[in-house]
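J.: My structure is stored as entry_13.cif, with mmCIF, C-alpha atoms.
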```cif
data_coords
#
loop_
_atom_site.label_atom_id
_atom_site.label_comp_id
_atom_site.auth_asym_id
_atom_site.auth_seq_id
_atom_site.Cartn_x
_atom_site.Cartn_y
_atom_site.Cartn_z
CA MET H 1 -34.01 -52.36 -25.19
CA ASN H 2 -33.97 -56.13 -24.78
CA ILE H 3 -33.05 -57.14 -21.22
CA GLY H 4 -31.53 -60.38 -22.40
CA GLY H 5 -29.67 -59.04 -25.46
CA ARG H 6 -26.01 -59.97 -25.80
CA ARG H 7 -24.83 -56.44 -25.14
CA SER H 8 -27.54 -55.47 -22.69
CA VAL H 9 -26.34 -54.06 -19.39
CA VAL H 10 -28.21 -56.75 -17.43
CA PRO H 11 -26.21 -59.84 -18.51
CA ARG H 12 -22.97 -57.85 -18.70
CA SER H 13 -23.38 -56.59 -15.16
CA MET H 14 -23.64 -60.13 -13.79
CA PRO H 15 -19.86 -60.78 -13.61
CA PHE H 16 -19.45 -57.40 -11.91
CA TYR H 17 -21.94 -58.27 -9.19
CA PHE H 18 -20.28 -61.66 -8.78
CA THR H 19 -17.01 -59.91 -7.93
CA ILE H 20 -18.76 -57.36 -5.72
CA GLY H 21 -20.27 -60.25 -3.77
CA PHE H 22 -16.78 -61.61 -3.29
CA LEU H 23 -15.46 -58.22 -2.19
CA LEU H 24 -18.22 -57.49 0.32
CA ALA H 25 -17.82 -60.92 1.90
CA VAL H 26 -14.09 -60.46 2.56
CA PRO H 27 -14.11 -58.04 5.58
CA GLY H 28 -16.37 -60.16 7.82
CA PRO H 29 -14.32 -63.39 7.84
CA SER H 30 -11.17 -61.23 8.07
CA LEU H 31 -12.39 -59.26 11.09
CA GLU H 32 -10.79 -61.34 13.85
CA ALA H 33 -7.55 -61.73 11.88
CA VAL H 34 -7.27 -57.97 11.25
CA ARG H 35 -8.04 -57.30 14.91
CA ALA H 36 -5.26 -59.66 16.01
CA ASP H 37 -2.84 -58.44 13.31
CA PHE H 38 -3.09 -54.80 14.39
CA ASP H 39 -3.94 -55.50 18.09
CA LEU H 40 -7.27 -53.63 18.04
CA THR H 41 -10.48 -53.53 20.05
CA TYR H 42 -13.78 -54.36 18.35
CA LEU H 43 -14.73 -50.69 18.42
CA VAL H 44 -11.61 -49.86 16.38
CA VAL H 45 -11.57 -52.88 14.07
CA VAL H 46 -15.11 -52.12 12.87
CA LEU H 47 -13.59 -49.06 11.21
CA THR H 48 -12.76 -51.52 8.42
CA LEU H 49 -16.53 -51.84 7.97
CA ILE H 50 -17.50 -48.25 8.77
CA VAL H 51 -15.06 -46.43 6.48
CA PRO H 52 -16.08 -48.21 3.25
CA ALA H 53 -19.75 -47.89 4.22
CA ILE H 54 -19.51 -44.11 4.67
CA SER H 55 -17.46 -43.79 1.50
CA TYR H 56 -20.00 -45.94 -0.31
CA ALA H 57 -22.81 -43.64 0.86
CA SER H 58 -20.90 -40.60 -0.40
CA GLY H 59 -20.21 -42.36 -3.69
CA THR H 60 -23.84 -43.28 -4.31
CA ILE H 61 -24.98 -39.69 -3.77
CA ALA H 62 -22.28 -38.39 -6.10
CA GLY H 63 -22.88 -41.19 -8.60
CA GLY H 64 -26.61 -40.59 -8.82
CA LEU H 65 -26.21 -36.84 -9.23
CA VAL H 66 -23.33 -36.94 -11.72
CA ALA H 67 -24.83 -39.77 -13.79
CA ASP H 68 -28.16 -37.96 -14.20
CA ARG H 69 -26.35 -34.82 -15.34
CA LEU H 70 -23.22 -35.95 -17.19
CA GLY H 71 -24.01 -39.50 -18.29
CA ARG H 72 -23.80 -43.08 -17.07
CA ARG H 73 -20.67 -44.36 -18.84
CA PRO H 74 -18.09 -41.79 -17.60
CA THR H 75 -19.44 -42.14 -14.07
CA LEU H 76 -19.21 -45.94 -14.23
CA THR H 77 -15.68 -45.79 -15.65
CA THR H 78 -14.47 -43.49 -12.88
CA GLY H 79 -16.16 -45.61 -10.23
CA VAL H 80 -14.66 -48.95 -11.25
CA THR H 81 -11.20 -47.37 -11.57
CA LEU H 82 -11.31 -46.05 -8.00
CA LEU H 83 -12.69 -49.39 -6.82
CA VAL H 84 -9.74 -51.35 -8.23
CA ILE H 85 -7.16 -48.84 -6.94
CA GLY H 86 -8.66 -49.04 -3.45
CA LEU H 87 -8.53 -52.83 -3.43
CA LEU H 88 -4.85 -52.80 -4.46
CA VAL H 89 -4.03 -50.34 -1.67
CA ALA H 90 -5.86 -52.52 0.87
CA GLY H 91 -4.11 -55.63 -0.42
CA PHE H 92 -0.67 -54.13 0.17
CA SER H 93 -1.51 -52.35 3.44
CA PRO H 94 1.26 -52.53 6.07
CA ALA H 95 -0.78 -50.70 8.71
CA LEU H 96 -4.38 -50.00 9.68
CA GLY H 97 -4.28 -46.47 8.26
CA VAL H 98 -3.34 -47.74 4.80
CA LEU H 99 -6.06 -50.40 4.95
CA LEU H 100 -8.61 -47.73 5.82
CA LEU H 101 -7.39 -45.54 2.93
CA GLY H 102 -7.87 -48.45 0.54
CA SER H 103 -11.30 -49.18 2.05
CA CYS H 104 -12.26 -45.53 1.59
CA LEU H 105 -11.30 -45.59 -2.08
CA ASN H 106 -12.98 -48.89 -2.91
CA GLY H 107 -16.13 -47.93 -0.98
CA PHE H 108 -16.44 -44.62 -2.82
CA GLY H 109 -15.69 -46.28 -6.15
CA PHE H 110 -18.33 -48.94 -5.60
CA GLY H 111 -20.93 -46.31 -4.63
CA LEU H 112 -20.02 -44.19 -7.63
CA THR H 113 -20.61 -47.27 -9.79
CA GLU H 114 -23.71 -48.79 -8.23
CA ALA H 115 -26.03 -45.76 -8.36
CA PRO H 116 -25.71 -45.19 -12.15
CA LEU H 117 -25.71 -48.94 -12.78
CA THR H 118 -28.99 -49.32 -10.88
CA ALA H 119 -30.46 -46.37 -12.78
CA THR H 120 -29.27 -47.86 -16.07
CA VAL H 121 -30.99 -51.18 -15.34
CA SER H 122 -34.15 -49.18 -14.60
CA ASP H 123 -33.81 -47.32 -17.92
CA VAL H 124 -33.44 -50.62 -19.79
CA ALA H 125 -36.07 -52.68 -17.96
CA GLY H 126 -38.85 -50.19 -17.26
CA ASP H 127 -41.61 -51.77 -15.19
CA ALA H 128 -39.61 -55.01 -15.01
CA THR H 129 -36.86 -53.26 -13.04
CA GLY H 130 -37.21 -55.39 -9.90
CA ARG H 131 -36.84 -58.65 -11.81
CA ALA H 132 -34.05 -57.27 -14.02
CA MET H 133 -32.12 -56.15 -10.94
CA THR H 134 -32.60 -59.54 -9.31
CA ILE H 135 -31.28 -61.27 -12.43
CA SER H 136 -28.40 -58.80 -12.68
CA GLN H 137 -27.40 -59.40 -9.05
CA MET H 138 -28.13 -63.14 -9.02
CA PRO H 139 -24.39 -63.99 -9.07
CA PHE H 140 -23.74 -61.70 -6.07
CA GLY H 141 -24.33 -64.47 -3.54
CA PHE H 142 -22.16 -66.94 -5.44
CA GLY H 143 -19.28 -64.45 -5.41
CA ALA H 144 -19.82 -63.90 -1.69
CA LEU H 145 -19.88 -67.65 -1.22
CA MET H 146 -16.31 -67.89 -2.53
CA ALA H 147 -14.83 -65.37 -0.10
CA PRO H 148 -15.21 -67.06 3.34
CA PRO H 149 -13.47 -70.35 2.43
CA MET H 150 -10.80 -68.44 0.52
CA VAL H 151 -10.15 -66.16 3.51
CA GLY H 152 -10.14 -69.22 5.76
CA ALA H 153 -7.51 -70.87 3.56
CA LEU H 154 -5.42 -67.68 3.19
CA LEU H 155 -5.33 -67.19 6.97
CA GLN H 156 -3.18 -70.31 7.13
CA THR H 157 -0.61 -68.85 4.71
CA PRO H 158 1.87 -65.94 5.00
CA VAL H 159 -0.28 -63.89 2.60
CA GLY H 160 -3.17 -63.87 5.08
CA TRP H 161 -6.30 -61.78 4.65
CA ARG H 162 -4.51 -59.28 2.35
CA GLY H 163 -4.47 -61.86 -0.44
CA ALA H 164 -8.27 -61.75 -0.60
CA TYR H 165 -8.23 -58.02 -1.39
CA LEU H 166 -5.68 -58.57 -4.15
CA ALA H 167 -7.81 -61.38 -5.60
CA ALA H 168 -10.83 -59.05 -5.48
CA ALA H 169 -8.87 -56.35 -7.36
CA LEU H 170 -8.13 -58.78 -10.18
CA LEU H 171 -11.70 -60.06 -10.37
CA VAL H 172 -13.26 -56.59 -10.28
CA GLY H 173 -10.89 -55.35 -12.97
CA LEU H 174 -11.80 -58.17 -15.35
CA ALA H 175 -15.53 -57.87 -14.64
CA SER H 176 -15.44 -54.11 -15.19
CA VAL H 177 -14.14 -54.61 -18.73
CA VAL H 178 -17.18 -56.80 -19.45
CA LEU H 179 -19.54 -54.28 -17.82
CA LEU H 180 -18.24 -51.31 -19.79
CA SER H 181 -18.61 -53.22 -23.06
CA ALA H 182 -22.40 -53.13 -22.64
CA ARG H 183 -24.69 -50.73 -24.44
CA ILE H 184 -25.26 -48.13 -21.73
CA PRO H 185 -27.87 -45.43 -22.41
CA ALA H 186 -26.76 -41.92 -21.55
CA ALA H 187 -29.77 -41.23 -19.30
CA THR H 188 -33.51 -41.70 -19.10
CA SER H 189 -35.60 -40.40 -21.95
CA HIS H 190 -37.49 -38.12 -19.55
CA ARG H 191 -35.06 -35.75 -17.91
CA ALA H 192 -36.15 -34.08 -14.69
CA SER H 193 -35.10 -30.67 -13.44
CA GLY H 194 -32.81 -30.41 -10.44
CA GLU H 195 -35.69 -29.24 -8.28
CA SER H 196 -37.96 -32.14 -9.26
CA ARG H 197 -35.16 -34.66 -8.70
CA PHE H 198 -34.60 -33.29 -5.21
CA SER H 199 -38.30 -33.27 -4.38
CA ALA H 200 -38.55 -36.90 -5.50
CA ILE H 201 -35.95 -38.17 -3.04
CA ILE H 202 -37.30 -36.35 0.01
CA ARG H 203 -40.80 -37.79 -0.29
CA PRO H 204 -41.85 -40.31 2.41
CA VAL H 205 -41.86 -43.40 0.17
CA PRO H 206 -38.19 -43.26 -0.95
CA VAL H 207 -37.13 -42.38 2.60
CA LEU H 208 -39.00 -45.38 4.04
CA LEU H 209 -37.64 -47.68 1.33
CA GLY H 210 -34.16 -46.39 2.13
CA ALA H 211 -34.76 -47.35 5.76
CA VAL H 212 -35.58 -50.88 4.56
CA VAL H 213 -32.24 -50.95 2.74
CA VAL H 214 -30.60 -50.01 6.07
CA GLY H 215 -32.24 -53.07 7.66
CA TYR H 216 -31.04 -55.28 4.82
CA PHE H 217 -27.49 -53.96 5.11
CA GLY H 218 -27.74 -54.56 8.86
CA MET H 219 -28.48 -58.20 8.12
CA GLN H 220 -25.35 -58.40 5.98
CA LEU H 221 -23.43 -56.88 8.88
CA GLY H 222 -24.78 -59.39 11.38
CA LEU H 223 -24.50 -62.51 9.24
CA GLY H 224 -21.73 -61.59 6.83
CA GLY H 225 -19.71 -59.41 9.22
CA PHE H 226 -20.03 -60.67 12.78
CA LEU H 227 -21.00 -64.31 12.22
CA ALA H 228 -17.38 -65.55 12.10
CA ALA H 229 -16.48 -63.64 15.27
CA TYR H 230 -19.68 -64.93 16.91
CA LEU H 231 -18.81 -68.55 16.13
CA GLU H 232 -15.22 -68.11 17.33
CA THR H 233 -15.72 -66.13 20.53
CA ASP H 234 -19.05 -67.53 21.75
CA HIS H 235 -18.91 -71.09 20.43
CA GLY H 236 -15.22 -71.97 20.32
CA VAL H 237 -14.95 -72.59 16.57
CA THR H 238 -11.38 -72.16 15.29
CA ARG H 239 -10.68 -68.96 13.38
CA SER H 240 -10.09 -70.37 9.90
CA VAL H 241 -13.11 -72.69 10.16
CA ALA H 242 -15.34 -69.90 11.50
CA ALA H 243 -14.30 -67.68 8.60
CA ALA H 244 -15.19 -70.42 6.11
CA LEU H 245 -18.55 -71.18 7.76
CA VAL H 246 -19.82 -67.67 6.99
CA ALA H 247 -20.45 -69.17 3.54
CA ALA H 248 -23.66 -70.67 4.99
CA PHE H 249 -25.35 -67.26 4.84
CA TRP H 250 -24.13 -66.56 1.32
CA VAL H 251 -25.30 -69.97 0.08
CA GLY H 252 -28.81 -69.08 1.19
CA LEU H 253 -28.62 -65.62 -0.37
CA SER H 254 -27.42 -67.10 -3.67
CA LEU H 255 -30.38 -69.46 -3.88
CA GLY H 256 -32.72 -66.72 -2.66
CA ARG H 257 -31.80 -64.47 -5.59
CA ILE H 258 -32.57 -67.25 -8.05
CA ILE H 259 -35.94 -67.93 -6.42
CA GLY H 260 -36.58 -64.18 -6.30
CA ALA H 261 -36.12 -63.82 -10.06
CA TRP H 262 -38.78 -66.52 -10.55
CA LEU H 263 -41.16 -65.06 -7.95
CA ALA H 264 -40.86 -61.55 -9.39
CA LEU H 265 -43.02 -62.65 -12.34
CA ARG H 266 -45.70 -64.09 -10.04
CA VAL H 267 -45.83 -62.00 -6.88
CA GLN H 268 -46.51 -58.28 -6.51
CA ALA H 269 -43.31 -56.43 -5.57
CA TYR H 270 -44.36 -55.17 -2.14
CA ASN H 271 -45.80 -58.57 -1.20
CA LEU H 272 -42.58 -60.29 -2.27
CA ALA H 273 -40.44 -57.89 -0.24
CA LEU H 274 -42.66 -58.11 2.85
CA GLY H 275 -42.81 -61.90 2.78
CA SER H 276 -39.05 -62.19 2.33
CA LEU H 277 -38.28 -59.68 5.06
CA GLY H 278 -40.71 -61.29 7.50
CA LEU H 279 -39.16 -64.74 7.07
CA SER H 280 -35.66 -63.26 7.43
CA LEU H 281 -36.72 -61.68 10.70
CA LEU H 282 -37.84 -65.02 12.13
CA CYS H 283 -34.54 -66.65 11.14
CA ALA H 284 -32.56 -63.76 12.62
CA VAL H 285 -34.24 -64.33 16.00
CA ILE H 286 -33.01 -67.95 15.89
CA VAL H 287 -29.46 -66.87 14.96
CA ALA H 288 -29.31 -64.53 17.96
CA GLY H 289 -30.76 -67.01 20.43
CA ALA H 290 -29.74 -70.51 19.30
CA PRO H 291 -27.32 -72.32 21.66
CA GLN H 292 -25.63 -74.56 19.05
CA PRO H 293 -23.43 -73.58 16.07
CA VAL H 294 -25.31 -76.00 13.79
CA ALA H 295 -28.63 -74.27 14.55
CA ILE H 296 -27.03 -70.86 14.03
CA LEU H 297 -25.62 -71.84 10.65
CA ALA H 298 -28.92 -73.38 9.54
CA ALA H 299 -30.83 -70.24 10.55
CA ALA H 300 -28.22 -68.01 8.87
CA SER H 301 -28.58 -69.99 5.65
CA LEU H 302 -32.38 -69.81 5.78
CA SER H 303 -32.22 -66.08 6.53
CA GLY H 304 -30.13 -65.53 3.42
CA LEU H 305 -32.51 -67.70 1.38
CA ALA H 306 -35.51 -65.69 2.54
CA ALA H 307 -33.81 -62.32 2.09
CA GLY H 308 -32.50 -62.99 -1.41
CA PRO H 309 -35.12 -60.87 -3.23
CA VAL H 310 -35.41 -58.07 -0.62
CA PHE H 311 -32.69 -55.66 -1.72
CA THR H 312 -33.27 -55.77 -5.47
CA THR H 313 -37.06 -55.67 -5.10
CA VAL H 314 -37.07 -52.71 -2.71
CA VAL H 315 -34.54 -50.70 -4.72
CA GLY H 316 -36.49 -51.57 -7.88
CA ILE H 317 -39.66 -50.14 -6.34
CA GLY H 318 -37.75 -47.00 -5.40
CA VAL H 319 -36.18 -46.22 -8.77
CA ARG H 320 -39.50 -46.78 -10.55
CA TYR H 321 -41.20 -44.41 -8.09
CA ARG H 322 -39.93 -41.48 -10.19
CA PRO H 323 -38.21 -42.84 -13.36
CA SER H 324 -37.04 -39.38 -14.40
CA ALA H 325 -34.98 -39.13 -11.20
CA SER H 326 -33.88 -42.78 -11.04
CA GLY H 327 -30.20 -41.98 -10.55
CA MET H 328 -30.82 -39.60 -7.66
CA ILE H 329 -33.30 -41.93 -5.97
CA ALA H 330 -30.99 -44.91 -6.35
CA GLY H 331 -28.10 -42.90 -4.93
CA PHE H 332 -30.20 -41.61 -2.04
CA MET H 333 -31.54 -45.03 -1.04
CA LEU H 334 -28.14 -46.69 -1.28
CA ALA H 335 -26.56 -43.83 0.65
CA MET H 336 -29.09 -44.37 3.43
CA GLY H 337 -28.11 -48.04 3.43
CA GLY H 338 -24.39 -47.26 3.58
CA THR H 339 -24.79 -44.65 6.32
CA GLY H 340 -27.01 -46.97 8.33
CA PHE H 341 -24.49 -49.80 7.91
CA ALA H 342 -21.75 -47.53 9.27
CA GLY H 343 -23.85 -46.54 12.28
CA LEU H 344 -24.83 -50.14 13.00
CA SER H 345 -21.18 -51.22 12.68
CA LEU H 346 -20.13 -48.64 15.28
CA LEU H 347 -22.97 -49.65 17.59
CA SER H 348 -22.22 -53.36 17.15
CA GLY H 349 -18.53 -52.86 17.88
CA ALA H 350 -19.30 -50.92 21.05
CA VAL H 351 -21.82 -53.54 22.20
CA ALA H 352 -19.37 -56.38 21.46
CA ASP H 353 -16.66 -54.68 23.55
CA ALA H 354 -19.00 -53.81 26.42
CA LEU H 355 -21.05 -57.04 26.51
CA SER H 356 -20.33 -59.79 23.98
CA VAL H 357 -20.41 -60.58 20.29
CA ARG H 358 -23.71 -62.41 20.88
CA ALA H 359 -25.18 -59.16 22.18
CA ALA H 360 -24.01 -57.40 19.02
CA VAL H 361 -25.65 -60.07 16.85
CA THR H 362 -28.89 -59.55 18.80
CA LEU H 363 -29.14 -56.13 17.15
CA LEU H 364 -29.88 -57.97 13.88
CA PRO H 365 -33.53 -58.92 14.52
CA ILE H 366 -34.19 -55.48 16.00
CA THR H 367 -33.07 -53.69 12.81
CA LEU H 368 -34.98 -56.15 10.62
CA GLY H 369 -38.13 -55.60 12.68
CA ILE H 370 -37.87 -51.83 12.18
CA ALA H 371 -37.27 -52.36 8.45
CA PHE H 372 -40.39 -54.53 8.21
CA LEU H 373 -42.54 -51.80 9.79
CA CYS H 374 -41.06 -49.18 7.43
CA LEU H 375 -41.88 -51.36 4.43
CA LEU H 376 -45.48 -51.78 5.58
CA LEU H 377 -45.84 -48.00 5.88
CA ALA H 378 -44.18 -47.39 2.51
CA ARG H 379 -46.64 -49.73 0.79
CA ARG H 380 -49.57 -47.99 2.42
CA LEU H 381 -48.39 -44.50 1.40
CA HIS H 382 -47.36 -45.59 -2.10
CA THR H 383 -50.74 -47.26 -2.70
CA ALA H 384 -52.54 -44.12 -1.51
CA GLU H 385 -50.50 -41.96 -3.93
CA LEU H 386 -51.30 -44.24 -6.88
CA ARG H 387 -55.04 -44.01 -6.14
CA ARG H 388 -55.08 -40.23 -6.33
#
```
Please lay out the structure from this file as structure tokens.
T.:
Amino acid sequence: MNIGGRRSVVPRSMPFYFTIGFLLAVPGPSLEAVRADFDLTYLVVVLTLIVPAISYASGTIAGGLVADRLGRRPTLTTGVTLLVIGLLVAGFSPALGVLLLGSCLNGFGFGLTEAPLTATVSDVAGDATGRAMTISQMPFGFGALMAPPMVGALLQTPVGWRGAYLAAALLVGLASVVLLSARIPAATSHRASGESRFSAIIRPVPVLLGAVVVGYFGMQLGLGGFLAAYLETDHGVTRSVAAALVAAFWVGLSLGRIIGAWLALRVQAYNLALGSLGLSLLCAVIVAGAPQPVAILAAASLSGLAAGPVFTTVVGIGVRYRPSASGMIAGFMLAMGGTGFAGLSLLSGAVADALSVRAAVTLLPITLGIAFLCLLLARRLHTAELRR
């Protein structure tokens, strides 16, 4: 199937990832406002990050399993429906419990959608999966770029942060119509048995690549989630301005995805991921230690720029590891990322309450360093398997 065809899943998934970028960039700039609105501690307010992350992890596992067995399209349709319903619930939430219910629904819906969508791109693109995924998700950063200034503006109106969730519901609904109009293959041409699918996901390489996804999600937590709170509490930036300035990270990520699509044709996948992750690690050290907001924002932008190709390249390597079990592997790796994000959110909230938000942001380079070591080991083991 032609990756660039008018009804190919790759171009028709681009508006969807644009809206997902917007959605995932809403909670971070809203964090301080939600905390003040409901009078919460950091340890409690990070539930708004933890609940959708755990639900997302559950959704990716279910999505990978169901899509491989029952088909991609019905799984995608169910996922986007739950995603929109969850966003509407969050947008009208009068209390924290209702917001968490909406976050649970939209997290599960997104997970249920992303695993079969990733597997579908793999089915369509074959060995060009990494590049196809990068192209498919290229608009993600641009969608995320829209959210911080919009949240910053909405915080000055009676609608507040809830308006961003309602805007996301509208955008996701429209983009889902475009996505579901694509030609979506039912499954891979080489079906695997349940036993072989399970054995594929518990091998060391997918597990290590899933750990890299955890590190990448941790970077989104640090720079997309806690950056606004960091600028406000440690550097005295006003709340609405701090929320808008989170866009610096998403600007870098947007450009990084574009560069990644170009580099994917010229650089071997593991080398591209390692180089990107290594540069992101250096920038993360500057974010955690820089004394001035300008330096922090510059480093955050450069970190996003460097990390642009990491997620799509690493997940692309994983789903091509065993093409016949692409849905299960995609679901497993993304579930690891979601679970790790939830754990890091809880840890970051506890550290922010006990020490400071700066201390919580310092966890960022630590998680990226661990991810870099896991990626090195994955490459070594994967290369050894291919030589057998």
J.: Determine, counting only C-alpha atoms, which protein, DNA and RNA residues have an atom within 7 Å of an atom of Gly331 in chain H; residues of the same chain fewer than 5 positions away are not included. Present the result as a list in words.
T.: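 The residues satisfying every condition are Thr60, Ile61, Gly63, Gly64 and Ala115 of chain H.
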J.: If I take CA of Ala175 in chain H and CA of Phe311 in chain H, how far is one from the other in Å, to one decimal?
T.: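 Between CA of Ala175 in chain H and CA of Phe311 in chain H the gap is 21.6 Å.
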J.: Which residues fall under the PyMOL selection byres ((chain H and resi 164-166) around 12) in this file, as JSON, numbers by chain?
T.: {"H": [19, 20, 22, 23, 24, 25, 26, 27, 28, 29, 30, 83, 84, 85, 86, 87, 88, 89, 90, 91, 92, 93, 99, 102, 103, 106, 144, 146, 147, 148, 149, 150, 151, 152, 153, 154, 155, 157, 159, 160, 161, 162, 163, 167, 168, 169, 170, 171, 172, 173]}
J.: Step by step, work through what the PyMOL selection byres ((chain H and resi 37) around 12) selects in the shown file, and finish by giving those residues as a count of residues only.
T.: 20
J.: The PyMOL selection byres ((chain H and resi 350) around 12) on the file shown: which residues, as a list in words?
T.: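 Selected by the PyMOL selection byres ((chain H and resi 350) around 12) here: Thr41, Tyr42, Leu43, Val44, Val45, Val46, Leu47, Gly343, Leu344, Ser345, Leu346, Leu347, Ser348, Gly349, Val351, Ala352, Asp353, Ala354, Leu355, Ser356, Val357, Ala359, Ala360, Val361 and Leu363 of chain H.
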J.: Taking 2 positions as the minimum chain separation for residues in the same chain, which residues sit within 7 Å of range 254-266 of chain H when counting only C-alpha atoms? Answer as an NGL selection string.
T.: :H and (131 or 134-135 or 138-142 or 250-252 or 268-269 or 304-309)
J.: Just checking: using all atoms listed in the file, which residue out of H:Pro365, H:Gly225, H:Leu375, H:Gly126 ends up closest to Gly275 in chain H?
T.: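 Of H:Pro365, H:Gly225, H:Leu375, H:Gly126, the one nearest Gly275 in chain H is H:Leu375, counting all atoms listed in the file.
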J.: Kindly provide, as a PyMOL selection string, the polymer residues lying within 12 Å of (-13.0, -54.5, -20.7), counting all atoms listed in the file and using the coordinates exactly as they appear in the file.
T.: chain H and resi 12-13+15-16+77+80-81+171-182
J.: What's around Ala371 in chain H at 9 Å? Count only C-alpha atoms, leave out sequence neighbours fewer than 4 positions away in its own chain, and write the answer as an MDAnalysis selection string.
T.: chainID H and resid 208:209 211:216 277 366:367 375:376
J.: Using only C-alpha atoms, which residue out of H:Ala384, H:Met14, H:Ala378, H:Val315 lies closest to Val205 in chain H?
T.: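 Checking each candidate against Val205 in chain H, we get H:Ala378 as the closest.
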J.: Using only C-alpha atoms, which residue out of H:Gly21, H:Pro206, H:Pro293, H:Gly130 lies closest to Thr118 in chain H?
T.: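 Among the listed residues, the smallest separation from Thr118 in chain H belongs to H:Gly130.
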